[in-house]
file run.txt (compact mmCIF, C-alpha atoms and all ligand atoms)
# COMPACT_ATOMS: atom_id res chain seq x y z
CA MET B 201 -6.28 -14.07 -17.01
CA SER B 202 -4.04 -12.45 -19.63
CA GLU B 203 -0.91 -13.97 -21.12
CA VAL B 204 2.05 -13.76 -18.77
CA SER B 205 5.18 -12.51 -20.55
CA ASN B 206 8.14 -14.85 -20.96
CA GLU B 207 10.43 -12.55 -18.95
CA THR B 208 8.18 -12.65 -15.87
CA ARG B 209 6.92 -16.23 -16.12
CA PHE B 210 9.34 -17.43 -13.43
CA LEU B 211 7.59 -15.25 -10.83
CA HIS B 212 4.25 -16.91 -11.56
CA ALA B 213 5.81 -20.32 -10.99
CA ILE B 214 6.86 -19.47 -7.41
CA GLU B 215 4.31 -20.43 -4.73
CA MET B 216 6.05 -19.05 -1.65
CA GLY B 217 8.87 -16.66 -0.79
CA LEU B 218 10.79 -15.56 2.30
CA GLY B 219 10.60 -11.97 3.60
CA ALA B 220 13.81 -10.42 4.93
CA TRP B 221 12.57 -7.31 6.77
CA GLN B 222 13.31 -9.09 10.07
CA TRP B 223 17.01 -9.34 9.12
CA GLY B 224 18.59 -6.48 11.06
CA ASP B 225 15.43 -4.54 11.94
CA ARG B 226 15.43 -3.58 15.62
CA VAL B 227 12.54 -1.10 15.76
CA VAL B 228 9.62 -3.29 14.66
CA TRP B 229 11.11 -6.78 14.82
CA GLY B 230 13.54 -6.64 17.77
CA TYR B 231 16.59 -7.92 15.86
CA GLY B 232 19.37 -8.68 18.37
CA GLN B 233 16.83 -9.49 21.10
CA THR B 234 14.38 -12.00 19.65
CA HIS B 235 16.64 -13.26 16.86
CA THR B 236 20.28 -12.98 15.80
CA ASP B 237 22.28 -13.68 12.64
CA LYS B 238 22.52 -17.34 13.64
CA GLU B 239 18.72 -17.81 13.70
CA ILE B 240 18.38 -15.83 10.48
CA ARG B 241 20.93 -18.05 8.73
CA GLU B 242 19.15 -21.19 9.98
CA SER B 243 15.76 -19.95 8.78
CA PHE B 244 17.26 -19.12 5.37
CA ASP B 245 18.86 -22.58 5.11
CA ILE B 246 15.73 -24.51 6.10
CA SER B 247 13.59 -22.43 3.72
CA LEU B 248 15.88 -23.33 0.84
CA SER B 249 15.98 -26.98 1.78
CA LEU B 250 12.16 -27.00 1.77
CA GLY B 251 11.97 -25.47 -1.69
CA VAL B 252 11.55 -21.75 -0.91
CA ARG B 253 13.89 -20.06 -3.39
CA PHE B 254 12.68 -16.44 -3.53
CA VAL B 255 13.93 -13.89 -0.98
CA ASP B 256 12.46 -10.39 -0.67
CA THR B 257 14.68 -7.70 0.83
CA ALA B 258 15.01 -3.89 0.53
CA GLU B 259 17.75 -1.31 0.81
CA ILE B 260 16.05 0.14 3.92
CA TYR B 261 15.72 -3.15 5.85
CA GLY B 262 18.18 -2.85 8.73
CA SER B 263 19.62 0.16 6.82
CA GLY B 264 21.24 -2.16 4.27
CA TYR B 265 22.10 -4.95 6.71
CA SER B 266 19.40 -7.27 5.34
CA GLU B 267 20.95 -7.05 1.85
CA ARG B 268 24.46 -7.53 3.32
CA LEU B 269 23.41 -10.67 5.22
CA LEU B 270 21.73 -12.11 2.14
CA GLY B 271 24.91 -11.38 0.18
CA GLN B 272 26.94 -13.35 2.75
CA PHE B 273 24.53 -16.29 2.60
CA LEU B 274 24.56 -16.34 -1.20
CA LYS B 275 28.37 -16.60 -1.30
CA ASP B 276 28.37 -20.20 -0.15
CA MET B 277 25.21 -21.34 -1.94
CA ASP B 278 25.47 -23.99 -4.59
CA GLN B 279 21.81 -23.73 -5.62
CA PRO B 280 20.09 -20.79 -7.33
CA VAL B 281 18.21 -18.29 -5.17
CA LEU B 282 15.96 -15.64 -6.70
CA VAL B 283 16.60 -12.20 -5.20
CA ALA B 284 14.19 -9.27 -5.06
CA THR B 285 15.10 -5.91 -3.56
CA LYS B 286 13.62 -2.39 -3.48
CA PHE B 287 14.34 1.28 -4.14
CA PHE B 288 13.15 3.64 -1.40
CA PRO B 289 11.96 7.05 -2.70
CA TRP B 290 13.59 9.26 -0.06
CA PRO B 291 12.50 12.90 -0.50
CA TRP B 292 15.99 13.91 -1.66
CA ARG B 293 15.89 11.39 -4.50
CA LEU B 294 14.21 13.45 -7.18
CA THR B 295 15.72 12.25 -10.46
CA LYS B 296 15.34 9.05 -12.43
CA ALA B 297 19.14 8.62 -12.22
CA SER B 298 18.79 8.02 -8.47
CA ILE B 299 17.23 4.62 -9.25
CA PRO B 300 20.14 2.90 -11.05
CA ARG B 301 22.47 4.62 -8.56
CA ALA B 302 20.61 3.04 -5.62
CA LEU B 303 20.48 -0.35 -7.35
CA LYS B 304 24.25 -0.28 -7.87
CA GLU B 305 24.70 0.16 -4.11
CA SER B 306 22.22 -2.67 -3.40
CA LEU B 307 24.15 -4.94 -5.80
CA GLU B 308 27.38 -4.14 -3.96
CA ARG B 309 25.81 -5.08 -0.61
CA LEU B 310 24.34 -8.25 -2.14
CA GLY B 311 27.58 -9.14 -3.93
CA LEU B 312 25.64 -9.70 -7.17
CA ASP B 313 25.86 -8.46 -10.76
CA SER B 314 22.08 -8.36 -11.06
CA VAL B 315 18.86 -9.10 -9.16
CA ASP B 316 15.81 -11.00 -10.38
CA LEU B 317 13.31 -8.32 -9.39
CA TYR B 318 13.86 -4.63 -8.60
CA GLN B 319 10.86 -2.90 -7.03
CA ILE B 320 9.89 0.68 -6.19
CA HIS B 321 9.10 0.38 -2.48
CA TRP B 322 6.43 3.11 -2.30
CA PRO B 323 4.92 5.63 -4.70
CA SER B 324 6.01 9.22 -4.02
CA PRO B 325 4.39 12.63 -4.47
CA LEU B 326 7.85 13.89 -5.48
CA MET B 327 8.52 11.48 -8.35
CA SER B 328 5.82 10.39 -10.80
CA PRO B 329 5.33 6.71 -11.67
CA GLU B 330 6.46 7.64 -15.21
CA LYS B 331 9.77 9.08 -13.98
CA MET B 332 10.30 6.11 -11.68
CA MET B 333 9.77 3.67 -14.52
CA GLU B 334 12.22 5.59 -16.75
CA GLY B 335 14.80 4.96 -14.01
CA MET B 336 13.83 1.30 -13.93
CA VAL B 337 14.20 1.01 -17.72
CA GLU B 338 17.79 2.20 -17.29
CA CYS B 339 18.37 -0.57 -14.71
CA VAL B 340 17.10 -3.19 -17.18
CA LYS B 341 19.21 -1.77 -20.03
CA ARG B 342 22.34 -1.97 -17.86
CA GLY B 343 21.53 -5.62 -17.09
CA TRP B 344 21.27 -4.91 -13.35
CA THR B 345 17.78 -6.37 -12.96
CA ARG B 346 15.97 -9.12 -14.80
CA THR B 347 12.48 -7.72 -14.13
CA VAL B 348 10.76 -4.61 -12.72
CA GLY B 349 8.13 -4.39 -9.99
CA VAL B 350 6.33 -1.84 -7.84
CA SER B 351 5.10 -1.99 -4.27
CA ASN B 352 2.24 -0.31 -2.43
CA PHE B 353 0.92 1.02 -5.75
CA GLY B 354 -2.86 1.42 -6.05
CA GLU B 355 -4.55 0.54 -9.32
CA LYS B 356 -4.09 3.94 -11.02
CA HIS B 357 -0.39 4.30 -10.22
CA MET B 358 0.15 0.67 -11.19
CA LEU B 359 -1.47 1.25 -14.59
CA ARG B 360 0.74 4.30 -15.18
CA ALA B 361 3.83 2.21 -14.38
CA TYR B 362 2.57 -0.62 -16.62
CA THR B 363 1.96 1.74 -19.55
CA THR B 364 5.32 3.52 -19.25
CA LEU B 365 7.26 0.27 -19.15
CA GLY B 366 5.14 -1.07 -22.02
CA ARG B 367 6.42 1.75 -24.26
CA HIS B 368 9.89 0.26 -23.81
CA GLY B 369 8.69 -3.31 -24.35
CA ILE B 370 9.22 -4.16 -20.66
CA PRO B 371 6.45 -5.92 -18.69
CA LEU B 372 5.50 -4.83 -15.18
CA ALA B 373 6.36 -8.02 -13.33
CA SER B 374 4.74 -7.48 -9.93
CA ASN B 375 2.99 -5.29 -7.38
CA GLN B 376 3.93 -6.10 -3.77
CA VAL B 377 1.09 -5.08 -1.46
CA HIS B 378 -0.35 -5.75 1.97
CA TYR B 379 -2.64 -8.75 1.63
CA SER B 380 -3.81 -11.28 4.19
CA LEU B 381 -7.06 -12.71 5.55
CA LEU B 382 -7.10 -9.70 7.88
CA ASN B 383 -6.39 -7.12 5.16
CA ARG B 384 -8.31 -7.68 1.95
CA GLU B 385 -8.08 -4.15 0.58
CA VAL B 386 -6.61 -5.31 -2.76
CA GLU B 387 -9.66 -7.45 -3.40
CA LYS B 388 -12.02 -4.58 -2.62
CA ASN B 389 -10.25 -1.81 -4.57
CA GLY B 390 -9.73 -3.72 -7.81
CA THR B 391 -5.91 -4.08 -7.60
CA LEU B 392 -5.92 -7.89 -7.43
CA ALA B 393 -8.35 -8.24 -10.36
CA ARG B 394 -6.31 -5.81 -12.46
CA CYS B 395 -3.07 -7.67 -11.69
CA LYS B 396 -4.62 -10.93 -12.89
CA GLU B 397 -5.98 -9.27 -16.01
CA LEU B 398 -2.57 -7.82 -16.94
CA GLY B 399 -0.40 -10.78 -15.92
CA ILE B 400 1.19 -8.82 -13.04
CA ARG B 401 2.18 -11.08 -10.11
CA LEU B 402 0.64 -9.87 -6.85
CA ILE B 403 3.19 -10.42 -4.08
CA ALA B 404 1.44 -10.52 -0.69
CA TYR B 405 3.38 -8.86 2.14
CA SER B 406 2.57 -9.25 5.84
CA PRO B 407 0.69 -12.43 4.85
CA LEU B 408 0.46 -13.53 8.49
CA GLU B 409 -0.63 -10.02 9.48
CA MET B 410 2.70 -9.62 11.31
CA GLY B 411 2.13 -12.72 13.44
CA LEU B 412 -1.60 -12.33 14.20
CA LEU B 413 -2.52 -15.16 11.83
CA THR B 414 -0.50 -17.73 13.75
CA GLY B 415 -2.96 -17.98 16.65
CA LYS B 416 -0.32 -17.13 19.26
CA TYR B 417 -1.46 -13.55 19.94
CA THR B 418 -4.65 -12.74 21.87
CA LEU B 419 -6.15 -9.80 23.74
CA GLU B 420 -4.42 -11.10 26.89
CA ASN B 421 -1.15 -11.79 25.05
CA PRO B 422 -0.80 -9.05 22.41
CA PRO B 423 2.19 -8.82 20.06
CA PRO B 424 5.09 -6.80 21.52
CA GLY B 425 6.12 -3.23 20.67
CA THR B 426 4.57 -1.21 17.88
CA ARG B 427 2.50 -4.18 16.67
CA GLY B 428 0.54 -4.22 19.95
CA MET B 429 -0.58 -0.62 19.36
CA GLN B 430 -1.24 -1.12 15.66
CA TYR B 431 -3.47 -4.16 16.16
CA GLY B 432 -5.37 -3.24 19.35
CA GLU B 433 -8.77 -3.21 17.63
CA LEU B 434 -8.27 -6.06 15.15
CA ILE B 435 -7.16 -8.51 17.82
CA ARG B 436 -10.63 -8.39 19.41
CA LYS B 437 -12.15 -9.77 16.20
CA LEU B 438 -9.56 -12.53 15.86
CA PRO B 439 -10.89 -15.56 17.88
CA PRO B 440 -13.55 -16.83 15.40
CA VAL B 441 -11.07 -16.51 12.51
CA ILE B 442 -8.40 -18.50 14.37
CA LYS B 443 -10.98 -21.14 15.30
CA LEU B 444 -11.99 -21.57 11.66
CA LEU B 445 -8.35 -21.76 10.53
CA GLN B 446 -7.74 -24.48 13.13
CA GLU B 447 -10.80 -26.42 12.03
CA ILE B 448 -9.81 -26.24 8.35
CA GLY B 449 -6.21 -27.21 9.18
CA LEU B 450 -7.47 -30.47 10.69
CA ASN B 451 -9.02 -31.41 7.32
CA HIS B 452 -5.55 -31.34 5.76
CA GLY B 453 -3.47 -33.55 8.02
CA ASP B 454 -3.12 -31.13 10.91
CA LYS B 455 -1.92 -28.01 9.09
CA THR B 456 -1.31 -25.08 11.42
CA VAL B 457 -3.26 -21.81 11.55
CA SER B 458 -0.41 -20.01 9.76
CA GLN B 459 -0.16 -22.66 7.05
CA VAL B 460 -3.87 -22.39 6.26
CA ALA B 461 -3.64 -18.57 6.22
CA LEU B 462 -0.72 -18.73 3.75
CA ASN B 463 -2.44 -21.33 1.59
CA TRP B 464 -5.51 -19.09 1.32
CA LEU B 465 -3.24 -16.49 -0.36
CA ILE B 466 -1.85 -19.12 -2.75
CA CYS B 467 -5.44 -20.11 -3.63
CA LYS B 468 -6.06 -16.42 -4.47
CA ASP B 469 -3.29 -16.70 -7.09
CA THR B 470 -0.83 -14.54 -5.16
CA LEU B 471 2.71 -15.05 -3.85
CA PRO B 472 3.03 -14.78 -0.05
CA ILE B 473 6.43 -13.82 1.40
CA PRO B 474 6.19 -14.48 5.16
CA GLY B 475 9.00 -13.30 7.41
CA ALA B 476 10.53 -15.72 9.93
CA LYS B 477 12.71 -15.21 12.99
CA ASN B 478 13.82 -18.78 13.54
CA VAL B 479 14.05 -22.21 12.01
CA ARG B 480 10.70 -23.41 13.39
CA GLN B 481 8.77 -20.47 11.93
CA ALA B 482 10.51 -20.82 8.56
CA GLU B 483 9.85 -24.55 8.49
CA LEU B 484 6.16 -24.07 9.28
CA ASN B 485 5.78 -21.31 6.71
CA ALA B 486 7.31 -23.42 3.94
CA GLY B 487 4.60 -25.99 4.76
CA GLY B 488 1.96 -23.46 3.73
CA ALA B 489 2.73 -24.39 0.08
CA GLY B 490 2.50 -27.62 -1.90
CA TRP B 491 -1.17 -28.38 -1.23
CA ARG B 492 -4.54 -26.65 -1.73
CA LEU B 493 -7.57 -25.69 0.31
CA THR B 494 -10.88 -26.66 -1.28
CA ASP B 495 -13.02 -23.98 -2.97
CA GLU B 496 -15.53 -24.40 -0.17
CA GLU B 497 -12.88 -23.76 2.50
CA VAL B 498 -11.67 -20.65 0.67
CA ALA B 499 -15.28 -19.41 0.52
CA ARG B 500 -15.76 -20.02 4.28
CA LEU B 501 -12.59 -18.05 5.06
CA ASP B 502 -13.73 -15.28 2.70
CA GLU B 503 -17.04 -15.04 4.48
CA ALA B 504 -15.50 -15.04 7.96
CA THR B 505 -13.14 -12.15 7.18
CA ASP B 506 -15.12 -10.13 4.63
CA ASN B 507 -16.01 -7.25 6.92
CA ILE B 508 -13.19 -7.50 9.40
CA ARG B 509 -12.01 -3.95 8.70
CA GLU B 510 -12.92 -0.87 6.68
CA TYR B 511 -10.91 0.00 3.60
CA LYS B 512 -9.99 3.46 2.28
CA LYS B 513 -9.49 4.13 -1.42
CA ARG B 514 -5.86 4.47 -2.57
CA VAL B 515 -4.72 5.73 -6.00
N1 LIG O 1 6.72 -3.64 0.49
C1 LIG O 1 6.42 -3.29 1.70
O1 LIG O 1 6.09 -2.12 2.00
C2 LIG O 1 6.48 -4.32 2.79
C3 LIG O 1 5.89 -4.07 4.04
C4 LIG O 1 5.93 -5.09 5.00
C5 LIG O 1 6.55 -6.29 4.70
N2 LIG O 1 7.14 -6.50 3.49
C6 LIG O 1 7.80 -7.78 3.15
O2 LIG O 1 6.94 -8.85 3.51
C7 LIG O 1 7.62 -9.75 4.40
C8 LIG O 1 6.62 -10.38 5.36
O3 LIG O 1 5.81 -9.43 6.03
P1 LIG O 1 5.99 -9.08 7.57
O4 LIG O 1 7.35 -9.46 7.97
O5 LIG O 1 5.53 -7.70 7.74
O6 LIG O 1 4.90 -9.95 8.31
P2 LIG O 1 4.44 -11.49 8.36
O7 LIG O 1 5.20 -12.30 7.41
O8 LIG O 1 2.96 -11.44 8.27
O9 LIG O 1 4.80 -11.89 9.87
C9 LIG O 1 6.12 -12.19 10.21
C10 LIG O 1 6.25 -12.37 11.73
O10 LIG O 1 5.27 -13.26 12.24
C11 LIG O 1 5.85 -14.15 13.21
N3 LIG O 1 5.84 -15.48 12.59
C12 LIG O 1 6.14 -15.79 11.29
N4 LIG O 1 5.95 -17.08 11.03
C13 LIG O 1 5.49 -17.63 12.17
C14 LIG O 1 5.09 -18.95 12.53
N5 LIG O 1 5.11 -19.93 11.64
N6 LIG O 1 4.69 -19.17 13.81
C15 LIG O 1 4.64 -18.18 14.70
N7 LIG O 1 5.01 -16.90 14.42
C16 LIG O 1 5.43 -16.62 13.17
C17 LIG O 1 7.26 -13.63 13.47
O11 LIG O 1 7.24 -12.57 14.44
P3 LIG O 1 7.09 -12.81 16.03
O12 LIG O 1 7.69 -14.14 16.34
O13 LIG O 1 7.77 -11.65 16.63
O14 LIG O 1 5.59 -12.76 16.26
C18 LIG O 1 7.60 -12.98 12.13
O15 LIG O 1 8.57 -12.01 12.25
C19 LIG O 1 8.68 -8.85 5.05
O16 LIG O 1 9.72 -9.59 5.64
C20 LIG O 1 9.11 -8.02 3.87
O17 LIG O 1 10.01 -8.75 3.05
C21 LIG O 1 7.09 -5.53 2.53
call {"tool": "encode", "arguments": {"input": "run.txt", "output": "structure tokens", "more": "lines below"}}
Ligand SMILES: NC(=O)c1ccc[n+]([C@@H]2O[C@H](COP(=O)([O-])OP(=O)(O)OC[C@H]3O[C@@H](n4cnc5c(N)ncnc54)[C@H](OP(=O)(O)O)[C@@H]3O)[C@@H](O)[C@H]2O)c1
result
Amino acid sequence: MSEVSNETRFLHAIEMGLGAWQWGDRVVWGYGQTHTDKEIRESFDISLSLGVRFVDTAEIYGSGYSERLLGQFLKDMDQPVLVATKFFPWPWRLTKASIPRALKESLERLGLDSVDLYQIHWPSPLMSPEKMMEGMVECVKRGWTRTVGVSNFGEKHMLRAYTTLGRHGIPLASNQVHYSLLNREVEKNGTLARCKELGIRLIAYSPLEMGLLTGKYTLENPPPGTRGMQYGELIRKLPPVIKLLQEIGLNHGDKTVSQVALNWLICKDTLPIPGAKNVRQAELNAGGAGWRLTDEEVARLDEATDNIREYKKRV
């Protein structure tokens, strides 16, 4: 592994984060029906009390409501919380100036002068990685973000972002990508290896595969809404994986399926950011950190999920 830069070292010290997509999102997550602001606040508080200090939000989550809620929570915090948010490359945002402009609006919703990590949410055919990074450089110069990250960038786009920032003496802090036992694309396409080589923190989103890696969803009891359609095929292959996760959990003082699945990501040197809808889920997820699977257990989980889906190449 390469030297991690001083500016981004803090990200490598974090084992677990908290995802905030659920905060205000009705379409995928059923905000208002399955969870309300009260449950969100409780899950935030318990996460902090259990040592989870890194929250990942985005300007598009709940159309800004996720950032607003986090801003409210931060007002009465007496302990530091690390905040990451994201720029969404809407098709009408064509200039690099749109990036600091969007960050300013995020900062207003969050009630902060700066964030710890500002990420490009997705690459775009309408704005090159070079142009995006020039916009990010401006955000750093203005003191509005401590570090710069990307999200959903394949290896080639990530390298272009890394090189552009490097010309300004700014490290690429992170690449936030889909990574779980049920989606190992970043291992297969070289992104994870490249991140390690360059000291870029890989942040693993949907680390519980949107609830599948908790053991509560089955063919007879599929996840509700869009998730049910999305995971129709994968859910058939799930039972042996859940059984193995249960078996391994027993070796570690009765860890749950979800805790073992999260710990596998920590063992892969990545930072999982599970979402939670209530205090129980947040409490369980925090318990995915602070211990380690054995190398043999990681290898067994690797083997059990190696061919669970096919992967397409992404740039
Ligand atoms: N950059 C990107 O493009 C991108 C994309 C996706 C996500 N993200 C980020 O990654 C975060 C996490 O990913 P995600 O929210 O997609 O999926 P996830 O963390 O894999 O799954 C979260 C969902 O699983 C269920 N769950 C969580 N913990 C549980 C537990 N201990 N026991 C039982 N059920 C539990 C809950 O839903 P139910 O109770 O309804 O099952 C929860 O909403 C997001 O919040 C967001 O910050 C980023």
call {"tool": "closest_residue", "arguments": {"input": "run.txt", "among": "B:His235, B:Arg367, B:Arg492, B:Lys437", "to": "ligand LIG 1 (chain O)", "atoms": "all atoms listed in the file"}}
result
B:His235
call {"tool": "residues_around", "arguments": {"input": "run.txt", "residues": "region 495-498 of chain B", "least_positions_apart": "2", "cutoff": "9 Å", "atoms": "only C-alpha atoms", "output": "list in words"}}
result
Ile448, Trp464, Cys467, Lys468, Arg492, Leu493, Arg500, Leu501, Asp502 and Glu503 of chain B
call {"tool": "closest_residue", "arguments": {"input": "run.txt", "among": "B:Val315, B:Trp322, B:Arg401, B:Pro289", "to": "Arg346 (chain B)", "atoms": "all atoms listed in the file"}}
result
B:Val315
call {"tool": "closest_residue", "arguments": {"input": "run.txt", "among": "B:Lys455, B:Arg384, B:Lys296, B:Arg436", "to": "Glu330 (chain B)", "atoms": "only C-alpha atoms"}}
result
B:Lys296
call {"tool": "atom_distance", "arguments": {"input": "run.txt", "atom1": "CA of Ile473 (chain B)", "atom2": "CA of Leu218 (chain B)"}}
result
4.8 Å
call {"tool": "residues_around", "arguments": {"input": "run.txt", "residues": "Glu433 (chain B)", "least_positions_apart": "4", "cutoff": "10 Å", "atoms": "only C-alpha atoms", "output": "list in words"}}
result
Leu419, Gly428, Met429, Lys437, Leu438 and Arg509 of chain B
call {"tool": "residues_near_ligand", "arguments": {"input": "run.txt", "ligand": "ligand LIG 1 (chain O)", "cutoff": "6 Å", "atoms": "all atoms listed in the file", "output": "JSON list (two decimals) with C-alpha atoms, in the frame of the given file"}}
result
[["chain", "number", "residue", "atom", "x", "y", "z"],
["B", 219, "GLY", "CA", 10.60, -11.97, 3.60],
["B", 220, "ALA", "CA", 13.81, -10.42, 4.93],
["B", 221, "TRP", "CA", 12.57, -7.31, 6.77],
["B", 222, "GLN", "CA", 13.31, -9.09, 10.07],
["B", 256, "ASP", "CA", 12.46, -10.39, -0.67],
["B", 257, "THR", "CA", 14.68, -7.70, 0.83],
["B", 321, "HIS", "CA", 9.10, 0.38, -2.48],
["B", 351, "SER", "CA", 5.10, -1.99, -4.27],
["B", 376, "GLN", "CA", 3.93, -6.10, -3.77],
["B", 405, "TYR", "CA", 3.38, -8.86, 2.14],
["B", 406, "SER", "CA", 2.57, -9.25, 5.84],
["B", 407, "PRO", "CA", 0.69, -12.43, 4.85],
["B", 408, "LEU", "CA", 0.46, -13.53, 8.49],
["B", 409, "GLU", "CA", -0.63, -10.02, 9.48],
["B", 410, "MET", "CA", 2.70, -9.62, 11.31],
["B", 411, "GLY", "CA", 2.13, -12.72, 13.44],
["B", 414, "THR", "CA", -0.50, -17.73, 13.75],
["B", 458, "SER", "CA", -0.41, -20.01, 9.76],
["B", 473, "ILE", "CA", 6.43, -13.82, 1.40],
["B", 474, "PRO", "CA", 6.19, -14.48, 5.16],
["B", 475, "GLY", "CA", 9.00, -13.30, 7.41],
["B", 476, "ALA", "CA", 10.53, -15.72, 9.93],
["B", 477, "LYS", "CA", 12.71, -15.21, 12.99],
["B", 481, "GLN", "CA", 8.77, -20.47, 11.93],
["B", 484, "LEU", "CA", 6.16, -24.07, 9.28],
["B", 485, "ASN", "CA", 5.78, -21.31, 6.71]]
call {"tool": "closest_residue", "arguments": {"input": "run.txt", "among": "B:Ser306, B:Thr470, B:Asn206, B:Thr363", "to": "Tyr379 (chain B)", "atoms": "only C-alpha atoms"}}
result
B:Thr470
call {"tool": "atom_distance", "arguments": {"input": "run.txt", "atom1": "CA of Asn463 (chain B)", "atom2": "CA of Pro424 (chain B)"}}
result
25.8 Å
call {"tool": "residues_around", "arguments": {"input": "run.txt", "residues": "region 283-286 of chain B", "least_positions_apart": "2", "cutoff": "9 Å", "atoms": "only C-alpha atoms", "output": "list of chain:residue names"}}
result
B:Arg253, B:Phe254, B:Val255, B:Asp256, B:Thr257, B:Ala258, B:Glu259, B:Ile260, B:Glu267, B:Leu270, B:Val281, B:Phe288, B:Leu303, B:Ser306, B:Ser314, B:Val315, B:Asp316, B:Leu317, B:Tyr318, B:Gln319, B:Ile320, B:His321, B:Gly349, B:Val350, B:Ser351
call {"tool": "atom_distance", "arguments": {"input": "run.txt", "atom1": "CA of Thr364 (chain B)", "atom2": "CA of Tyr261 (chain B)"}}
result
28.0 Å
call {"tool": "closest_residue", "arguments": {"input": "run.txt", "among": "B:Leu372, B:Leu282, B:Cys339, B:Leu382", "to": "Gly399 (chain B)", "atoms": "only C-alpha atoms"}}
result
B:Leu372
call {"tool": "decode", "arguments": {"input": "run.txt", "residues": "region 479-498 of chain B", "atoms": "N, CA and C atoms", "output": "short mmCIF file (atom, residue, chain, number, x, y, z; two decimals), in the first residue's frame"}}
result
data_model
loop_
_atom_site.label_atom_id
_atom_site.label_comp_id
_atom_site.auth_asym_id
_atom_site.auth_seq_id
_atom_site.Cartn_x
_atom_site.Cartn_y
_atom_site.Cartn_z
N VAL B 479 -33.16 2.79 15.88
CA VAL B 479 -32.10 2.67 16.86
C VAL B 479 -31.51 1.25 16.90
N ARG B 480 -32.37 0.25 16.75
CA ARG B 480 -31.88 -1.14 16.79
C ARG B 480 -30.92 -1.43 15.63
N GLN B 481 -31.31 -1.00 14.42
CA GLN B 481 -30.46 -1.24 13.26
C GLN B 481 -29.12 -0.50 13.43
N ALA B 482 -29.19 0.75 13.88
CA ALA B 482 -27.96 1.53 14.04
C ALA B 482 -27.04 0.91 15.09
N GLU B 483 -27.65 0.43 16.15
CA GLU B 483 -26.88 -0.19 17.24
C GLU B 483 -26.18 -1.46 16.73
N LEU B 484 -26.94 -2.27 16.00
CA LEU B 484 -26.36 -3.51 15.46
C LEU B 484 -25.22 -3.19 14.49
N ASN B 485 -25.46 -2.20 13.62
CA ASN B 485 -24.45 -1.88 12.61
C ASN B 485 -23.15 -1.39 13.24
N ALA B 486 -23.28 -0.58 14.29
CA ALA B 486 -22.06 -0.10 14.98
C ALA B 486 -21.26 -1.30 15.50
N GLY B 487 -21.95 -2.37 15.87
CA GLY B 487 -21.28 -3.57 16.38
C GLY B 487 -20.60 -4.39 15.30
N GLY B 488 -20.64 -3.92 14.07
CA GLY B 488 -19.90 -4.59 12.99
C GLY B 488 -18.43 -4.22 13.03
N ALA B 489 -18.08 -3.18 13.82
CA ALA B 489 -16.69 -2.72 13.92
C ALA B 489 -16.11 -3.09 15.29
N GLY B 490 -14.80 -2.91 15.41
CA GLY B 490 -14.14 -3.12 16.72
C GLY B 490 -13.68 -4.54 16.96
N TRP B 491 -13.73 -5.38 15.97
CA TRP B 491 -13.25 -6.76 16.08
C TRP B 491 -12.88 -7.21 14.66
N ARG B 492 -12.36 -8.42 14.52
CA ARG B 492 -11.92 -8.88 13.18
C ARG B 492 -12.25 -10.35 12.93
N LEU B 493 -12.75 -10.62 11.74
CA LEU B 493 -12.86 -12.00 11.27
C LEU B 493 -11.45 -12.56 11.10
N THR B 494 -11.32 -13.88 11.13
CA THR B 494 -10.01 -14.47 10.84
C THR B 494 -9.80 -14.49 9.32
N ASP B 495 -8.54 -14.65 8.91
CA ASP B 495 -8.25 -14.73 7.46
C ASP B 495 -9.00 -15.90 6.84
N GLU B 496 -9.10 -16.98 7.60
CA GLU B 496 -9.78 -18.17 7.07
C GLU B 496 -11.28 -17.89 6.86
N GLU B 497 -11.89 -17.15 7.78
CA GLU B 497 -13.31 -16.82 7.63
C GLU B 497 -13.54 -15.89 6.43
N VAL B 498 -12.62 -14.93 6.26
CA VAL B 498 -12.73 -14.04 5.10
C VAL B 498 -12.64 -14.87 3.82
#
